[in-house]
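Data from final.pdb: PDB, C-alpha atoms, pLDDT in the B column
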```
MODEL        1
ATOM      1  CA  MET A   1     -53.371  46.282 111.279  1.00 39.00           C
ATOM      2  CA  ASN A   2     -54.286  45.309 107.731  1.00 46.00           C
ATOM      3  CA  ASP A   3     -52.301  46.588 104.766  1.00 54.00           C
ATOM      4  CA  ILE A   4     -53.785  49.727 103.244  1.00 62.00           C
ATOM      5  CA  HIS A   5     -53.869  49.722  99.447  1.00 82.00           C
ATOM      6  CA  VAL A   6     -53.661  53.358  98.354  1.00 88.00           C
ATOM      7  CA  GLY A   7     -53.916  52.442  94.666  1.00 91.00           C
ATOM      8  CA  GLN A   8     -57.164  50.538  95.166  1.00 90.00           C
ATOM      9  CA  LYS A   9     -58.645  53.488  97.023  1.00 91.00           C
ATOM     10  CA  ILE A  10     -57.594  55.857  94.231  1.00 94.00           C
ATOM     11  CA  GLN A  11     -59.274  53.529  91.738  1.00 94.00           C
ATOM     12  CA  GLU A  12     -62.487  53.422  93.814  1.00 91.00           C
ATOM     13  CA  TYR A  13     -62.684  57.235  94.021  1.00 93.00           C
ATOM     14  CA  ARG A  14     -61.805  57.573  90.325  1.00 95.00           C
ATOM     15  CA  LYS A  15     -64.649  55.253  89.352  1.00 94.00           C
ATOM     16  CA  LYS A  16     -67.092  57.024  91.699  1.00 92.00           C
ATOM     17  CA  LYS A  17     -66.158  60.246  89.904  1.00 92.00           C
ATOM     18  CA  GLY A  18     -66.885  58.593  86.539  1.00 95.00           C
ATOM     19  CA  LEU A  19     -63.344  59.007  85.216  1.00 95.00           C
ATOM     20  CA  ASN A  20     -61.283  56.480  83.279  1.00 96.00           C
ATOM     21  CA  ILE A  21     -57.535  56.133  83.849  1.00 95.00           C
ATOM     22  CA  ARG A  22     -56.614  58.342  80.872  1.00 96.00           C
ATOM     23  CA  GLN A  23     -58.937  61.161  81.998  1.00 96.00           C
ATOM     24  CA  LEU A  24     -57.574  61.184  85.550  1.00 95.00           C
ATOM     25  CA  ALA A  25     -53.988  60.909  84.301  1.00 94.00           C
ATOM     26  CA  ASP A  26     -54.532  63.922  82.020  1.00 95.00           C
ATOM     27  CA  LEU A  27     -55.999  65.985  84.865  1.00 95.00           C
ATOM     28  CA  VAL A  28     -53.129  65.063  87.213  1.00 94.00           C
ATOM     29  CA  VAL A  29     -50.495  65.383  84.437  1.00 93.00           C
ATOM     30  CA  VAL A  30     -49.058  61.880  84.773  1.00 94.00           C
ATOM     31  CA  THR A  31     -48.993  59.082  82.228  1.00 94.00           C
ATOM     32  CA  PRO A  32     -51.895  56.621  82.133  1.00 94.00           C
ATOM     33  CA  SER A  33     -49.273  53.874  82.519  1.00 94.00           C
ATOM     34  CA  LEU A  34     -48.004  55.337  85.808  1.00 94.00           C
ATOM     35  CA  LEU A  35     -51.542  55.804  87.126  1.00 95.00           C
ATOM     36  CA  SER A  36     -52.371  52.212  86.200  1.00 94.00           C
ATOM     37  CA  GLN A  37     -49.262  51.006  88.058  1.00 94.00           C
ATOM     38  CA  ILE A  38     -50.224  53.078  91.117  1.00 93.00           C
ATOM     39  CA  GLU A  39     -53.751  51.654  91.119  1.00 93.00           C
ATOM     40  CA  ARG A  40     -52.410  48.086  90.842  1.00 92.00           C
ATOM     41  CA  GLY A  41     -49.900  48.657  93.667  1.00 88.00           C
ATOM     42  CA  LEU A  42     -46.876  48.352  91.381  1.00 90.00           C
ATOM     43  CA  ALA A  43     -45.734  51.965  91.911  1.00 89.00           C
ATOM     44  CA  ASN A  44     -46.039  54.477  94.729  1.00 87.00           C
ATOM     45  CA  PRO A  45     -47.166  58.034  93.994  1.00 89.00           C
ATOM     46  CA  SER A  46     -45.104  60.974  95.248  1.00 87.00           C
ATOM     47  CA  ILE A  47     -46.754  63.208  97.859  1.00 86.00           C
ATOM     48  CA  HIS A  48     -47.194  65.872  95.169  1.00 89.00           C
ATOM     49  CA  THR A  49     -48.930  63.420  92.807  1.00 92.00           C
ATOM     50  CA  LEU A  50     -51.065  62.072  95.654  1.00 91.00           C
ATOM     51  CA  LYS A  51     -52.173  65.600  96.579  1.00 91.00           C
ATOM     52  CA  LEU A  52     -53.024  66.363  92.936  1.00 93.00           C
ATOM     53  CA  ILE A  53     -55.023  63.128  92.616  1.00 95.00           C
ATOM     54  CA  ALA A  54     -56.903  63.974  95.832  1.00 92.00           C
ATOM     55  CA  LYS A  55     -57.617  67.497  94.580  1.00 92.00           C
ATOM     56  CA  VAL A  56     -58.975  66.259  91.234  1.00 94.00           C
ATOM     57  CA  LEU A  57     -61.057  63.550  92.914  1.00 94.00           C
ATOM     58  CA  GLU A  58     -62.220  66.070  95.561  1.00 91.00           C
ATOM     59  CA  VAL A  59     -61.317  63.849  98.531  1.00 90.00           C
ATOM     60  CA  PRO A  60     -58.930  64.416 101.444  1.00 87.00           C
ATOM     61  CA  VAL A  61     -55.540  62.684 101.009  1.00 87.00           C
ATOM     62  CA  PHE A  62     -56.084  60.896 104.326  1.00 81.00           C
ATOM     63  CA  ASN A  63     -59.030  59.020 102.745  1.00 84.00           C
ATOM     64  CA  PHE A  64     -56.520  56.997 100.715  1.00 83.00           C
ATOM     65  CA  PHE A  65     -54.981  55.714 103.973  1.00 78.00           C
ATOM     66  CA  LEU A  66     -58.056  55.027 106.092  1.00 71.00           C
ATOM     67  CA  GLU A  67     -59.406  51.563 106.596  1.00 64.00           C
ATOM     68  CA  GLN A  68     -62.994  50.911 105.596  1.00 56.00           C
ATOM     69  CA  GLU A  69     -64.296  50.521 109.125  1.00 53.00           C
ATOM     70  CA  HIS A  70     -65.912  53.601 110.646  1.00 53.00           C
ATOM     71  CA  THR A  71     -65.708  54.217 114.351  1.00 48.00           C
ATOM     72  CA  LYS A  72     -68.477  55.595 116.485  1.00 59.00           C
ATOM     73  CA  ASN A  73     -65.962  56.255 119.226  1.00 68.00           C
ATOM     74  CA  LEU A  74     -65.217  59.960 119.691  1.00 78.00           C
ATOM     75  CA  ILE A  75     -61.959  59.399 121.599  1.00 81.00           C
ATOM     76  CA  VAL A  76     -58.686  58.809 119.777  1.00 84.00           C
ATOM     77  CA  ARG A  77     -56.019  57.217 121.979  1.00 86.00           C
ATOM     78  CA  SER A  78     -52.473  58.375 121.225  1.00 88.00           C
ATOM     79  CA  ASN A  79     -51.355  54.834 120.415  1.00 89.00           C
ATOM     80  CA  HIS A  80     -54.277  54.284 118.003  1.00 86.00           C
ATOM     81  CA  ARG A  81     -53.980  57.343 115.745  1.00 87.00           C
ATOM     82  CA  LYS A  82     -54.152  56.866 112.010  1.00 85.00           C
ATOM     83  CA  LYS A  83     -50.693  57.701 110.686  1.00 86.00           C
ATOM     84  CA  MET A  84     -49.416  58.583 107.258  1.00 79.00           C
ATOM     85  CA  ILE A  85     -45.710  58.269 106.490  1.00 73.00           C
ATOM     86  CA  LEU A  86     -44.869  58.506 102.811  1.00 66.00           C
ATOM     87  CA  PRO A  87     -42.224  56.174 101.337  1.00 65.00           C
ATOM     88  CA  GLU A  88     -40.344  58.934  99.509  1.00 62.00           C
ATOM     89  CA  CYS A  89     -40.113  61.111 102.624  1.00 67.00           C
ATOM     90  CA  GLU A  90     -40.039  59.068 105.791  1.00 71.00           C
ATOM     91  CA  HIS A  91     -38.917  62.116 107.803  1.00 78.00           C
ATOM     92  CA  ILE A  92     -42.379  63.706 107.610  1.00 83.00           C
ATOM     93  CA  SER A  93     -45.358  62.140 109.302  1.00 85.00           C
ATOM     94  CA  TYR A  94     -48.975  63.072 109.772  1.00 88.00           C
ATOM     95  CA  GLU A  95     -51.299  61.736 112.454  1.00 90.00           C
ATOM     96  CA  LEU A  96     -55.046  62.178 112.381  1.00 89.00           C
ATOM     97  CA  LEU A  97     -56.183  63.494 115.766  1.00 91.00           C
ATOM     98  CA  SER A  98     -59.865  63.337 114.789  1.00 87.00           C
ATOM     99  CA  PRO A  99     -61.511  59.913 114.900  1.00 82.00           C
ATOM    100  CA  ASP A 100     -62.306  60.184 111.179  1.00 78.00           C
ATOM    101  CA  LEU A 101     -62.997  62.692 108.409  1.00 78.00           C
ATOM    102  CA  ASN A 102     -66.780  62.575 108.661  1.00 74.00           C
ATOM    103  CA  GLY A 103     -67.172  65.800 110.642  1.00 78.00           C
ATOM    104  CA  ALA A 104     -66.951  69.416 109.584  1.00 82.00           C
ATOM    105  CA  ILE A 105     -63.368  69.801 110.843  1.00 89.00           C
ATOM    106  CA  GLU A 106     -60.218  67.720 110.773  1.00 89.00           C
ATOM    107  CA  TYR A 107     -57.447  67.799 113.386  1.00 92.00           C
ATOM    108  CA  ALA A 108     -54.003  66.491 112.559  1.00 92.00           C
ATOM    109  CA  LEU A 109     -50.466  66.505 113.870  1.00 94.00           C
ATOM    110  CA  MET A 110     -47.493  67.005 111.556  1.00 93.00           C
ATOM    111  CA  LYS A 111     -43.927  66.069 112.501  1.00 93.00           C
ATOM    112  CA  LEU A 112     -40.976  67.377 110.488  1.00 93.00           C
ATOM    113  CA  THR A 113     -37.409  66.293 111.162  1.00 93.00           C
ATOM    114  CA  PRO A 114     -34.597  68.781 110.406  1.00 95.00           C
ATOM    115  CA  GLY A 115     -34.118  69.467 106.694  1.00 92.00           C
ATOM    116  CA  THR A 116     -37.609  68.413 105.578  1.00 91.00           C
ATOM    117  CA  GLN A 117     -40.623  70.223 104.167  1.00 89.00           C
ATOM    118  CA  SER A 118     -44.320  69.435 103.818  1.00 85.00           C
ATOM    119  CA  SER A 119     -44.156  69.545  99.998  1.00 82.00           C
ATOM    120  CA  GLU A 120     -41.821  70.611  97.203  1.00 83.00           C
ATOM    121  CA  ALA A 121     -44.138  73.316  95.884  1.00 86.00           C
ATOM    122  CA  LEU A 122     -46.550  75.640  97.632  1.00 89.00           C
ATOM    123  CA  MET A 123     -49.921  73.903  97.969  1.00 88.00           C
ATOM    124  CA  GLU A 124     -53.440  75.219  98.500  1.00 87.00           C
ATOM    125  CA  HIS A 125     -56.781  73.730  99.467  1.00 84.00           C
ATOM    126  CA  VAL A 126     -60.393  74.831  99.702  1.00 86.00           C
ATOM    127  CA  GLY A 127     -60.494  74.707 103.482  1.00 85.00           C
ATOM    128  CA  GLU A 128     -59.443  77.193 106.093  1.00 93.00           C
ATOM    129  CA  GLU A 129     -56.561  76.035 108.278  1.00 94.00           C
ATOM    130  CA  ALA A 130     -55.407  77.007 111.750  1.00 96.00           C
ATOM    131  CA  ALA A 131     -52.108  75.715 113.097  1.00 97.00           C
ATOM    132  CA  PHE A 132     -50.217  75.759 116.389  1.00 98.00           C
ATOM    133  CA  VAL A 133     -46.486  75.042 116.772  1.00 98.00           C
ATOM    134  CA  LEU A 134     -46.238  72.587 119.642  1.00 98.00           C
ATOM    135  CA  GLU A 135     -42.473  71.970 119.422  1.00 97.00           C
ATOM    136  CA  GLY A 136     -39.534  73.509 117.594  1.00 97.00           C
ATOM    137  CA  GLU A 137     -39.159  76.297 115.089  1.00 98.00           C
ATOM    138  CA  VAL A 138     -40.437  76.178 111.498  1.00 97.00           C
ATOM    139  CA  LYS A 139     -40.481  78.237 108.297  1.00 97.00           C
ATOM    140  CA  LEU A 140     -43.972  78.857 106.971  1.00 97.00           C
ATOM    141  CA  TYR A 141     -44.302  79.988 103.367  1.00 97.00           C
ATOM    142  CA  LEU A 142     -47.489  81.999 102.754  1.00 97.00           C
ATOM    143  CA  ASN A 143     -47.752  83.015  99.095  1.00 95.00           C
ATOM    144  CA  ASP A 144     -44.560  85.057  98.482  1.00 93.00           C
ATOM    145  CA  GLU A 145     -43.675  85.606 102.145  1.00 97.00           C
ATOM    146  CA  VAL A 146     -41.655  83.480 104.573  1.00 97.00           C
ATOM    147  CA  HIS A 147     -42.365  83.561 108.306  1.00 98.00           C
ATOM    148  CA  ILE A 148     -40.514  81.872 111.159  1.00 98.00           C
ATOM    149  CA  LEU A 149     -42.863  80.378 113.754  1.00 98.00           C
ATOM    150  CA  SER A 150     -41.627  79.211 117.155  1.00 98.00           C
ATOM    151  CA  LYS A 151     -43.064  77.011 119.874  1.00 98.00           C
ATOM    152  CA  GLY A 152     -46.379  78.491 120.998  1.00 98.00           C
ATOM    153  CA  ASP A 153     -46.987  80.515 117.811  1.00 98.00           C
ATOM    154  CA  SER A 154     -50.127  79.989 115.752  1.00 98.00           C
ATOM    155  CA  VAL A 155     -51.455  80.988 112.352  1.00 98.00           C
ATOM    156  CA  ARG A 156     -54.698  81.070 110.376  1.00 97.00           C
ATOM    157  CA  ILE A 157     -54.360  80.188 106.695  1.00 96.00           C
ATOM    158  CA  PRO A 158     -57.352  81.327 104.606  1.00 95.00           C
ATOM    159  CA  PRO A 159     -58.826  79.062 101.890  1.00 92.00           C
ATOM    160  CA  HIS A 160     -56.777  78.870  98.672  1.00 92.00           C
ATOM    161  CA  MET A 161     -53.710  80.572 100.180  1.00 95.00           C
ATOM    162  CA  LYS A 162     -50.598  78.850  98.864  1.00 94.00           C
ATOM    163  CA  HIS A 163     -48.396  77.557 101.659  1.00 95.00           C
ATOM    164  CA  LYS A 164     -45.871  74.993 102.814  1.00 93.00           C
ATOM    165  CA  TRP A 165     -43.954  74.161 105.987  1.00 94.00           C
ATOM    166  CA  GLU A 166     -40.163  73.708 106.151  1.00 95.00           C
ATOM    167  CA  ASN A 167     -37.937  72.622 109.018  1.00 96.00           C
ATOM    168  CA  ALA A 168     -34.673  74.417 108.206  1.00 96.00           C
ATOM    169  CA  PHE A 169     -33.511  74.147 111.801  1.00 96.00           C
ATOM    170  CA  ASP A 170     -31.682  71.524 113.876  1.00 96.00           C
ATOM    171  CA  GLN A 171     -34.541  70.206 116.002  1.00 96.00           C
ATOM    172  CA  ASN A 172     -37.754  68.320 115.309  1.00 96.00           C
ATOM    173  CA  VAL A 173     -40.926  70.295 114.694  1.00 97.00           C
ATOM    174  CA  VAL A 174     -44.437  69.310 115.758  1.00 97.00           C
ATOM    175  CA  VAL A 175     -47.412  71.286 114.444  1.00 97.00           C
ATOM    176  CA  ILE A 176     -51.055  70.680 115.307  1.00 97.00           C
ATOM    177  CA  PHE A 177     -53.494  71.910 112.702  1.00 93.00           C
ATOM    178  CA  ALA A 178     -57.201  72.013 112.056  1.00 94.00           C
ATOM    179  CA  VAL A 179     -58.773  72.218 108.597  1.00 91.00           C
ATOM    180  CA  THR A 180     -62.377  72.871 107.736  1.00 91.00           C
ATOM    181  CA  PRO A 181     -63.812  71.280 105.729  1.00 85.00           C
ATOM    182  CA  PRO A 182     -61.539  68.207 106.036  1.00 80.00           C
ATOM    183  CA  SER A 183     -59.256  68.186 103.010  1.00 72.00           C
ATOM    184  CA  PHE A 184     -56.117  66.283 103.915  1.00 64.00           C
TER     185      PHE A 184
ENDMDL
END
```
Now that the file is in, can you turn its structure into structure tokens?
Amino acid sequence: MNDIHVGQKIQEYRKKKGLNIRQLADLVVVTPSLLSQIERGLANPSIHTLKLIAKVLEVPVFNFFLEQEHTKNLIVRSNHRKKMILPECEHISYELLSPDLNGAIEYALMKLTPGTQSSEALMEHVGEEAAFVLEGEVKLYLNDEVHILSKGDSVRIPPHMKHKWENAFDQNVVVIFAVTPPSF
């Protein structure tokens, strides 16, 4: 597999959007210097910064990690899934279950080891999300409420509802989720 250059992809989307580094940095609330380092591959963005950049550029986060080639194959073999593991939090991983993000819906699998969470702050996105807990037990924050979901439980998260996932328990958690339109 070829190396994926997240910074180069951010730069490509920034230019397509007609923004210079200072404009994007201001919108994301980071310094132009840091954004320049990210784009040149000299610094890695945090998951929070990456999500903010994706939101401003109006692209799913997964787009920063996908290779340029587009598949016409509709089947995704388990050993060929596109995976995203972030350097600052190697205990959380995401796997794209859809072949790509070109359709109207995205399917993904999230794995959380004990003591990890999907993000520091509650996040929101324009798409509607449905999730199913495949393994373990997990805390789901929905706006100001906290819910415990167990294996076999599911949830629908309306567009723009603030949420995050947290594994505060002693076993791994696996959650399958679908988002429409694709926004991750």
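Minimum atom-to-atom distances from A:Thr116, A:Ser150, A:Asn20, A:Ser98 to Lys82 (chain A) were compared using only C-alpha atoms, and the lowest value belongs to A:Ser98.
Distance-wise, CA of Leu42 (chain A) and CA of Glu58 (chain A) end up 23.8 Å apart.
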Restricting the calculation to all atoms listed in the file: of A:Arg77, A:His48, A:Ser118, A:Gly152, which residue gets closest to Tyr94 (chain A)?
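Using all atoms listed in the file, Tyr94 (chain A) sits closest to A:Ser118.
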I'd like the interatomic distance between CA of Ile21 (chain A) and CA of Pro182 (chain A), to a tenth of an Å.
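Atom-to-atom, CA of Ile21 (chain A) and CA of Pro182 (chain A) are spaced 25.6 Å apart.
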Glu129 (chain A) environment, 9 Å, all atoms listed in the file, sequence neighbours closer than 5 positions dropped, as number ranges by chain
A: 155-159, 177-180
Output file request: region 105-121 of chain A, with N, CA and C atoms, as a PDB file, in the first residue's frame.
```
ATOM      1  N   ILE A 105     -24.764   6.857   1.027  1.00  0.00           N
ATOM      2  CA  ILE A 105     -24.621   6.418   2.420  1.00  0.00           C
ATOM      3  C   ILE A 105     -23.227   5.858   2.625  1.00  0.00           C
ATOM      4  N   GLU A 106     -22.751   5.984   3.831  1.00  0.00           N
ATOM      5  CA  GLU A 106     -21.429   5.468   4.199  1.00  0.00           C
ATOM      6  C   GLU A 106     -21.616   4.485   5.350  1.00  0.00           C
ATOM      7  N   TYR A 107     -20.925   3.349   5.275  1.00  0.00           N
ATOM      8  CA  TYR A 107     -20.929   2.370   6.358  1.00  0.00           C
ATOM      9  C   TYR A 107     -19.524   2.283   6.910  1.00  0.00           C
ATOM     10  N   ALA A 108     -19.411   2.281   8.226  1.00  0.00           N
ATOM     11  CA  ALA A 108     -18.092   2.212   8.845  1.00  0.00           C
ATOM     12  C   ALA A 108     -18.171   1.399  10.129  1.00  0.00           C
ATOM     13  N   LEU A 109     -17.014   0.971  10.574  1.00  0.00           N
ATOM     14  CA  LEU A 109     -16.883   0.192  11.792  1.00  0.00           C
ATOM     15  C   LEU A 109     -15.915   0.950  12.692  1.00  0.00           C
ATOM     16  N   MET A 110     -16.302   1.165  13.935  1.00  0.00           N
ATOM     17  CA  MET A 110     -15.453   1.863  14.892  1.00  0.00           C
ATOM     18  C   MET A 110     -15.084   0.887  16.001  1.00  0.00           C
ATOM     19  N   LYS A 111     -13.801   0.863  16.349  1.00  0.00           N
ATOM     20  CA  LYS A 111     -13.320   0.035  17.458  1.00  0.00           C
ATOM     21  C   LYS A 111     -12.722   0.944  18.512  1.00  0.00           C
ATOM     22  N   LEU A 112     -13.180   0.773  19.759  1.00  0.00           N
ATOM     23  CA  LEU A 112     -12.674   1.553  20.885  1.00  0.00           C
ATOM     24  C   LEU A 112     -12.130   0.594  21.937  1.00  0.00           C
ATOM     25  N   THR A 113     -10.877   0.758  22.320  1.00  0.00           N
ATOM     26  CA  THR A 113     -10.345  -0.040  23.415  1.00  0.00           C
ATOM     27  C   THR A 113     -10.767   0.614  24.730  1.00  0.00           C
ATOM     28  N   PRO A 114     -10.691  -0.098  25.853  1.00  0.00           N
ATOM     29  CA  PRO A 114     -11.089   0.491  27.134  1.00  0.00           C
ATOM     30  C   PRO A 114     -10.365   1.811  27.411  1.00  0.00           C
ATOM     31  N   GLY A 115     -11.129   2.781  27.923  1.00  0.00           N
ATOM     32  CA  GLY A 115     -10.566   4.075  28.301  1.00  0.00           C
ATOM     33  C   GLY A 115     -10.413   5.065  27.163  1.00  0.00           C
ATOM     34  N   THR A 116     -11.029   4.805  26.010  1.00  0.00           N
ATOM     35  CA  THR A 116     -10.903   5.726  24.881  1.00  0.00           C
ATOM     36  C   THR A 116     -12.258   6.296  24.507  1.00  0.00           C
ATOM     37  N   GLN A 117     -12.214   7.398  23.733  1.00  0.00           N
ATOM     38  CA  GLN A 117     -13.439   8.029  23.263  1.00  0.00           C
ATOM     39  C   GLN A 117     -13.243   8.505  21.833  1.00  0.00           C
ATOM     40  N   SER A 118     -14.354   8.676  21.120  1.00  0.00           N
ATOM     41  CA  SER A 118     -14.283   9.030  19.701  1.00  0.00           C
ATOM     42  C   SER A 118     -13.749  10.438  19.470  1.00  0.00           C
ATOM     43  N   SER A 119     -13.910  11.331  20.425  1.00  0.00           N
ATOM     44  CA  SER A 119     -13.372  12.691  20.334  1.00  0.00           C
ATOM     45  C   SER A 119     -13.396  13.300  21.727  1.00  0.00           C
ATOM     46  N   GLU A 120     -12.611  14.365  21.907  1.00  0.00           N
ATOM     47  CA  GLU A 120     -12.594  15.055  23.198  1.00  0.00           C
ATOM     48  C   GLU A 120     -13.918  15.768  23.455  1.00  0.00           C
ATOM     49  N   ALA A 121     -14.396  16.481  22.460  1.00  0.00           N
ATOM     50  CA  ALA A 121     -15.625  17.266  22.602  1.00  0.00           C
ATOM     51  C   ALA A 121     -16.752  16.592  21.828  1.00  0.00           C
TER      52      ALA A 121
END
```
